[in-house]
Amino acid sequence: MTEKYAVVVVGGGAAGLSAALVLGRARVRTLVVDAGEPRNAPAAHLQGYLSRDGMPPAEFLAAGREEVARYGVEQVRDRVVEVERDGDFTVVLAGGRTVRARRLVVATGLADELPDVPGLAERFGRDVLHCPFCHGWEVRDEPFGVLAASPASVHQALMVSQWSKDVRFFLHRVAEEELTDVDLRRLSAAGVEVVPGEVAGLVVEDDRLTGVRLADGTVHARSVLFAGPRPVPRTGLLERLGAELHETPFGAYPVVDATGLTTVPGVWAAGNAIGFAEQVVHAASGGYRAAAAIVGDLLMTDLDAAVQG
């Protein structure tokens with residue numbers, strides 16, 4: 001027999017667990033399917049979440065799973081490999097299980113694709129960082145480097161100058177001619193030094209970043225390197241369901257309303273599944289909004305059916 005749920009939540013990060021918590025408390029039978037691949041797994045701590053500032057991400061998620069379990073929400077470590085809409089939804093898991101759901105919450109997040117520089121991926125989340133709001137305070141006043149991935153990386157170089165006045169902007173494979181006069185004036189005003197030349201690798205001593213090495217052999221002493229990854233939205237399920245996407249400078253994301261409802265009836269999205277800049281606190285809020293909307297949607301659907309019946 002195919003098990004039936006009111007809601008299946010795909011993704012067990014902050015957005016998915018927040019949605020599950022609200023649904024569980026509303027007595028809505030819910031299943032959370034989590035592949036166990038949170039975007040912030042490389043980070044030692046999360047920041048900017050009131051009352052949880054500095055908490056390790058794994059500890060945060062473990063607490064969330066414990067909370068939703070109190071309300072009878074079922075959780076499974078698995079991956080959704082297929083979903084079909086035929087009025088309700090048929091959801092197929094990699095482990096072979098098939099379930100039915102009246103509504104879906106897609107909180108599958110995104111993956112960060114780092115620039116192809118030797119040693120960068122191994123230090124990501126430690127002293128190779130991408131978000132000053134997440135890590136800036138912890139590395140304040142240290143010598144920063146910023147690796148250009150495109151001319152748009154100027155923005156990152158300018159932003160991190162809020163946390164350190166010793167910033168070097170490594171152009172890497174971006175030609176200085178690609179920067180505008182406004183870019184150069186702002187960088188100068190912020191005290192950011194522009195360094196041409198391709199970055200060949202990192203210098204690491206005693207498991208700590210100590211420098212950035214250029215292709216010509218020059219080494220710049222740096223203890224922190226900011227590098228903007230290319231976000232890869234995990235929108236496969238939404239695309240198979242026919243959800244409309246819109247292009248952004250950070251990838252294609254589903255078109256959603258204020259509650260996270262996509263253009264597919266019965267399908268909500270939340271967290272990094274709807275945008276690159278959704279921090280943990282935003283993801284949790286989005287999951288809450290989606291769940292509250294679903295509770296009302298299910299209730300009114302059932303009441304209208306009872307009236308018509």
# chains A, B, ... in the order shown; residues from 1 in each chain; ligands from 1
>>> select_by_dssp(residues="region 55-284 of chain A", states="strand (DSSP E or B)", output="PyMOL selection string")
chain A and resi 74-77+80-86+88-93+98-106+110-113+124+128-129+144-147+167-170+192-195+199-205+208-214+219-221+224-227+230-233+245-248+251-254+261+267-269
>>> residues_around(residues="region 49-61 of chain A", least_positions_apart="4", cutoff="7 Å", atoms="only C-alpha atoms", output="ChimeraX atom specification")
/A:13,40-41,44-45,65,281
>>> closest_residue(among="A:Ala290, A:Val81, A:Val139, A:Val199", to="Arg97 (chain A)", atoms="only C-alpha atoms")
A:Val81
>>> residues_around(residues="Asp88 (chain A)", least_positions_apart="3", cutoff="8 Å", atoms="only C-alpha atoms", output="PyMOL selection string")
chain A and resi 85+100-103
>>> residues_around(residues="Leu21 (chain A)", least_positions_apart="2", cutoff="8 Å", atoms="only C-alpha atoms", output="PyMOL selection string")
chain A and resi 17-19+23-25+67-68+71+73
>>> residues_around(residues="region 166-172 of chain A", least_positions_apart="2", cutoff="9 Å", atoms="only C-alpha atoms", output="number ranges by chain")
A: 141-151, 153-154, 157-158, 160-161, 164, 174-176, 187, 190-200, 214, 220, 222
